[in-house]
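I have placed the structure first, in the form of structure tokens, so that the comments after it can refer back to it.
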Amino acid sequence: MDMDSAIKSLTRSSRPAAVVELNLDNRCTSATLSPLLATFPALEILSLNNIGLVSLDAFPSLPRLRELELGDNKIVDAKGLAVVAKMAPNVEVLKMGGNGVGELEVFEALGGMRKLASVDMFGNPVTEKGEYRKIAFEKVRSLKVLDGMDAKGNEVEQDDDDDDDDDAEDDGDLDVLNKPYGTSTSAAKKPADLFHSGVNGVAPGEGGAVDIDDEDEDAEEDEEEDA
């Protein structure tokens, strides 16, 4: 399935402006990004693991995005990440283990993300460079965690509450910061919890991996009633 079809399938019953999380992991095959991503301006979490992605040049403007997952793709060029930094400057967590990035210039690109606190580069050739960690923390001034360790090489442990589904949402940014590569807030939940529906959302069990902003949907319904 191509990315356009996957996005339409997952969001067919949702108003684009209300979608805050979109998980396309293993749901499509696409070397480039779909223009449809630009129709979700409220996205806070975008997961694109293992879809054959090669280029990030068409990354859309997503000013609210705070977590981006790009693991197990075919990304090699750091220039695409410079585009991401420009179009999504508020990203706090970037997970892109299992790609082919090999040059330290990648951190020059990521330096444009002023809130970037956690980066996962496991499995990328760049991690084998001698000054990899030193350069990363120098170029990305906001960086706190690189491949699960802080600037001093100390492992950053997950909170015990991360195993509790009910507590996961309450942990907020810290929960997102500490989650290992390949998972996101929704992906860590049980299948029935993958889809959080609002007024017009799809009920759990219909195969979606989308999070809806309930307040946005409620506001739209109230406006319709007042009219």
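Just remember, in the structure tokens the first chain shown is A, the second B, etc., residues are 1-based per chain, and ligands are 1-based in the order shown.
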Enumerate, in order of chain and increasing residue number, the residues of stretch 70-113 of chain A with an atom no farther than 8 Å from stretch 47-56 of chain A, each with its shortest atom pair and distance in Å to one decimal, counting only C-alpha atoms, as a Markdown table.
| residue | atom | partner | partner_atom | distance |
| --- | --- | --- | --- | --- |
| A:Leu70 | CA | A:Asn49 | CA | 4.9 |
| A:Gly71 | CA | A:Asn49 | CA | 4.6 |
| A:Asp72 | CA | A:Asn50 | CA | 4.7 |
| A:Asn73 | CA | A:Gly52 | CA | 5.0 |
| A:Lys74 | CA | A:Val54 | CA | 4.8 |
| A:Ile75 | CA | A:Val54 | CA | 4.7 |
| A:Val76 | CA | A:Val54 | CA | 7.3 |
| A:Asp77 | CA | A:Ser55 | CA | 7.9 |
| A:Gly80 | CA | A:Leu56 | CA | 4.6 |
| A:Leu81 | CA | A:Leu56 | CA | 6.7 |
| A:Val83 | CA | A:Leu56 | CA | 7.1 |
| A:Val84 | CA | A:Leu56 | CA | 7.1 |
Could you pull the residues within 9 Å of A:Val19, counting only C-alpha atoms, minus those fewer than 3 positions along the same chain, as a VMD selection string? chain A and resid 11 14 to 16 22 40 to 44 210 to 213
Measuring atom to atom with only C-alpha atoms, identify which of A:Asp147, A:Glu21, A:Asp120, A:Glu131 is nearest to A:Glu103. A:Glu131
Contact residues around A:Leu36 with only C-alpha atoms at 8 Å, ignoring same-chain residues under 2 positions, as a short mmCIF file (atom, residue, chain, number, x, y, z; two decimals) with all heavy atoms, in the first residue's frame:
data_model
loop_
_atom_site.label_atom_id
_atom_site.label_comp_id
_atom_site.auth_asym_id
_atom_site.auth_seq_id
_atom_site.Cartn_x
_atom_site.Cartn_y
_atom_site.Cartn_z
N ASP A 4 -0.21 7.49 0.60
CA ASP A 4 -1.49 8.19 0.45
C ASP A 4 -2.65 7.30 0.87
O ASP A 4 -3.54 7.71 1.63
CB ASP A 4 -1.70 8.63 -1.00
CG ASP A 4 -0.91 9.88 -1.36
OD1 ASP A 4 -0.24 10.43 -0.46
OD2 ASP A 4 -0.97 10.31 -2.52
N ILE A 7 -2.71 6.65 4.70
CA ILE A 7 -3.18 7.80 5.46
C ILE A 7 -4.69 7.95 5.33
O ILE A 7 -5.40 8.18 6.33
CB ILE A 7 -2.48 9.08 4.97
CG1 ILE A 7 -1.00 9.05 5.34
CG2 ILE A 7 -3.14 10.32 5.58
CD1 ILE A 7 -0.19 10.20 4.77
N SER A 34 4.34 11.68 1.64
CA SER A 34 3.10 12.07 0.97
C SER A 34 2.74 13.52 1.28
O SER A 34 2.85 13.95 2.44
CB SER A 34 1.95 11.16 1.43
OG SER A 34 0.70 11.70 1.05
N ALA A 38 0.79 17.15 5.13
CA ALA A 38 0.66 18.58 5.38
C ALA A 38 -0.75 18.98 5.78
O ALA A 38 -0.97 20.11 6.25
CB ALA A 38 1.08 19.37 4.13
N THR A 39 -1.70 18.09 5.62
CA THR A 39 -3.09 18.41 5.96
C THR A 39 -3.40 18.12 7.42
O THR A 39 -4.55 18.24 7.84
CB THR A 39 -4.07 17.61 5.06
OG1 THR A 39 -3.93 16.20 5.33
CG2 THR A 39 -3.79 17.87 3.60
N PHE A 40 -2.38 17.75 8.20
CA PHE A 40 -2.57 17.47 9.63
C PHE A 40 -1.72 18.43 10.47
O PHE A 40 -0.73 18.03 11.08
CB PHE A 40 -2.20 16.02 9.94
CG PHE A 40 -2.97 15.00 9.14
CD1 PHE A 40 -2.40 14.42 8.01
CD2 PHE A 40 -4.26 14.66 9.49
CE1 PHE A 40 -3.11 13.50 7.26
CE2 PHE A 40 -4.98 13.73 8.75
CZ PHE A 40 -4.41 13.15 7.63
#
So that I can check the surroundings of A:Glu105, please list as a ChimeraX atom specification every protein, DNA and RNA residue that reaches within 12 Å of it, counting only C-alpha atoms and ignoring chain neighbours fewer than 4 positions away. /A:76-82,101,109-111,126,129,131-132,135-136,138-140
Take the residues that were just selected and, keeping N, CA and C atoms, output them as a JSON list (two decimals), in the first residue's frame.
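Saved to part_16.json:
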[["chain", "number", "residue", "atom", "x", "y", "z"],
["A", 76, "VAL", "N", 19.87, 8.14, 4.30],
["A", 76, "VAL", "CA", 21.34, 8.24, 4.31],
["A", 76, "VAL", "C", 21.79, 9.70, 4.38],
["A", 77, "ASP", "N", 21.11, 10.56, 3.66],
["A", 77, "ASP", "CA", 21.52, 11.95, 3.52],
["A", 77, "ASP", "C", 21.05, 12.81, 4.70],
["A", 78, "ALA", "N", 21.97, 13.52, 5.32],
["A", 78, "ALA", "CA", 21.65, 14.40, 6.45],
["A", 78, "ALA", "C", 20.90, 15.65, 6.00],
["A", 79, "LYS", "N", 20.96, 15.98, 4.71],
["A", 79, "LYS", "CA", 20.31, 17.20, 4.23],
["A", 79, "LYS", "C", 18.81, 17.16, 4.47],
["A", 80, "GLY", "N", 18.21, 15.99, 4.37],
["A", 80, "GLY", "CA", 16.78, 15.87, 4.61],
["A", 80, "GLY", "C", 16.42, 16.22, 6.03],
["A", 81, "LEU", "N", 17.32, 15.93, 6.97],
["A", 81, "LEU", "CA", 17.05, 16.25, 8.37],
["A", 81, "LEU", "C", 17.11, 17.76, 8.61],
["A", 82, "ALA", "N", 17.86, 18.46, 7.77],
["A", 82, "ALA", "CA", 17.88, 19.93, 7.86],
["A", 82, "ALA", "C", 16.51, 20.48, 7.48],
["A", 101, "VAL", "N", 22.64, 6.65, 7.94],
["A", 101, "VAL", "CA", 23.32, 7.94, 8.12],
["A", 101, "VAL", "C", 24.75, 7.68, 8.61],
["A", 109, "ALA", "N", 22.65, 19.53, 11.09],
["A", 109, "ALA", "CA", 21.27, 19.66, 10.66],
["A", 109, "ALA", "C", 20.32, 19.66, 11.85],
["A", 110, "LEU", "N", 20.55, 18.74, 12.79],
["A", 110, "LEU", "CA", 19.65, 18.62, 13.94],
["A", 110, "LEU", "C", 19.78, 19.79, 14.90],
["A", 111, "GLY", "N", 20.86, 20.54, 14.79],
["A", 111, "GLY", "CA", 21.05, 21.69, 15.66],
["A", 111, "GLY", "C", 19.96, 22.74, 15.51],
["A", 126, "VAL", "N", 27.12, 6.29, 11.48],
["A", 126, "VAL", "CA", 27.70, 7.45, 12.15],
["A", 126, "VAL", "C", 28.05, 7.16, 13.60],
["A", 129, "LYS", "N", 31.74, 6.56, 14.45],
["A", 129, "LYS", "CA", 32.74, 7.63, 14.35],
["A", 129, "LYS", "C", 33.33, 7.91, 15.74],
["A", 131, "GLU", "N", 34.36, 10.65, 17.34],
["A", 131, "GLU", "CA", 33.86, 11.77, 18.12],
["A", 131, "GLU", "C", 32.34, 11.89, 18.04],
["A", 132, "TYR", "N", 31.70, 10.80, 17.75],
["A", 132, "TYR", "CA", 30.25, 10.79, 17.56],
["A", 132, "TYR", "C", 29.49, 11.46, 18.70],
["A", 135, "ILE", "N", 30.55, 15.32, 19.34],
["A", 135, "ILE", "CA", 30.01, 16.22, 18.33],
["A", 135, "ILE", "C", 28.51, 16.39, 18.51],
["A", 136, "ALA", "N", 27.81, 15.31, 18.80],
["A", 136, "ALA", "CA", 26.35, 15.36, 18.95],
["A", 136, "ALA", "C", 25.94, 16.35, 20.04],
["A", 138, "GLU", "N", 27.73, 18.74, 21.31],
["A", 138, "GLU", "CA", 28.22, 20.08, 21.01],
["A", 138, "GLU", "C", 27.30, 20.80, 20.03],
["A", 139, "LYS", "N", 26.86, 20.09, 19.01],
["A", 139, "LYS", "CA", 26.07, 20.71, 17.94],
["A", 139, "LYS", "C", 24.59, 20.85, 18.31],
["A", 140, "VAL", "N", 24.07, 19.92, 19.08],
["A", 140, "VAL", "CA", 22.66, 19.98, 19.47],
["A", 140, "VAL", "C", 22.63, 20.39, 20.94]]
